[in-house]
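See below for the structure under consideration.
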Amino acid sequence: MKLKTRTPGSRSAAASLVETIGNASPSIERNVSAMKRTSLVLVLALSAIVPVVGSAVTAANATAIATVSTTAPIAQTIATKMARTLKTGRFIALEHPTAGMVRVIANGNQTYIELGNDFRSDSGPDLQVVLHKSATPGMKFNAGDYMVLAPLQKTTGTQRYNLPRNVNLNQYRSVAIWCQQFNATFGAATLN
């Protein structure tokens with residue numbers, strides 16, 4: 001195996017590792033599986049690009065590094081594919097500037113409201129994220145027409161709010177940012 005390096009005079013840990021493997025006893029070589037060889041080649045390729053700092057990479061470390069680096073993205077992809085969007089909406093301003101996307105997402109047996117990275121609203125006292133029974137809630141809320149999910153975490157950016165398992169989403173047609181102290185609706189998003 002010929003190892004090409006991009007920096008002059010860099011006999012890296014990868015080159016030392018290739019030499020160590022080449023000098024390994026035949027009994028050890030017979031026990032190396034195809035997966036370990038593939039993992040090692042991946043680590044060697046990465047080692048040629050990114051210098052190893054501190055210590056040499058051993059064959060065991062190479063396998064561990066490759067295994068972790070290949071399984072983490074797979075787990076993330078599986079989790080992402082399990083989540084599905086049930087409803088979406090876009091906030092419109094009512095009593096204060098409020099804008100951005102909102103989604104209702106199911107992931108396994110958990111459902112939550114997610115305000116998008118483009119979400120923004122004015123700050124105010126006692127702001128709450130609520131589900132409302134009307135698709136276009138008014139400026140003031142009436143008892144029984146809404147359900148408070150949680151206090152608003154922040155006035156900009158992505159944030160999630162868990163829905164209790166006993167909530168029937170079919171009863172609610174919008175998400176709103178509501179000032180409970182003054183019964184003032186900052187903005188609302190109809191869910192489709």
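Every chain in the structure tokens takes a letter, A first, then B, and so on in the order presented; its residues are numbered from 1, and the ligands are numbered from 1 following the presented order.
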
Check: Neighbours of Met101 (chain A) within 12 Å (only C-alpha atoms; same-chain residues fewer than 2 positions away dropped), as an MDAnalysis selection string?
Finding: chainID A and resid 87:92 98:99 103:104 113:121 156:159 175:176 187:192

Next item on the list: Would you kindly return, as a PyMOL selection string, each protein, DNA or RNA residue with an atom no farther than 12 Å from any atom of Asn166 (chain A), considering only C-alpha atoms and excluding same-chain residues fewer than 5 positions away?
Entry: chain A and resi 109-111+171
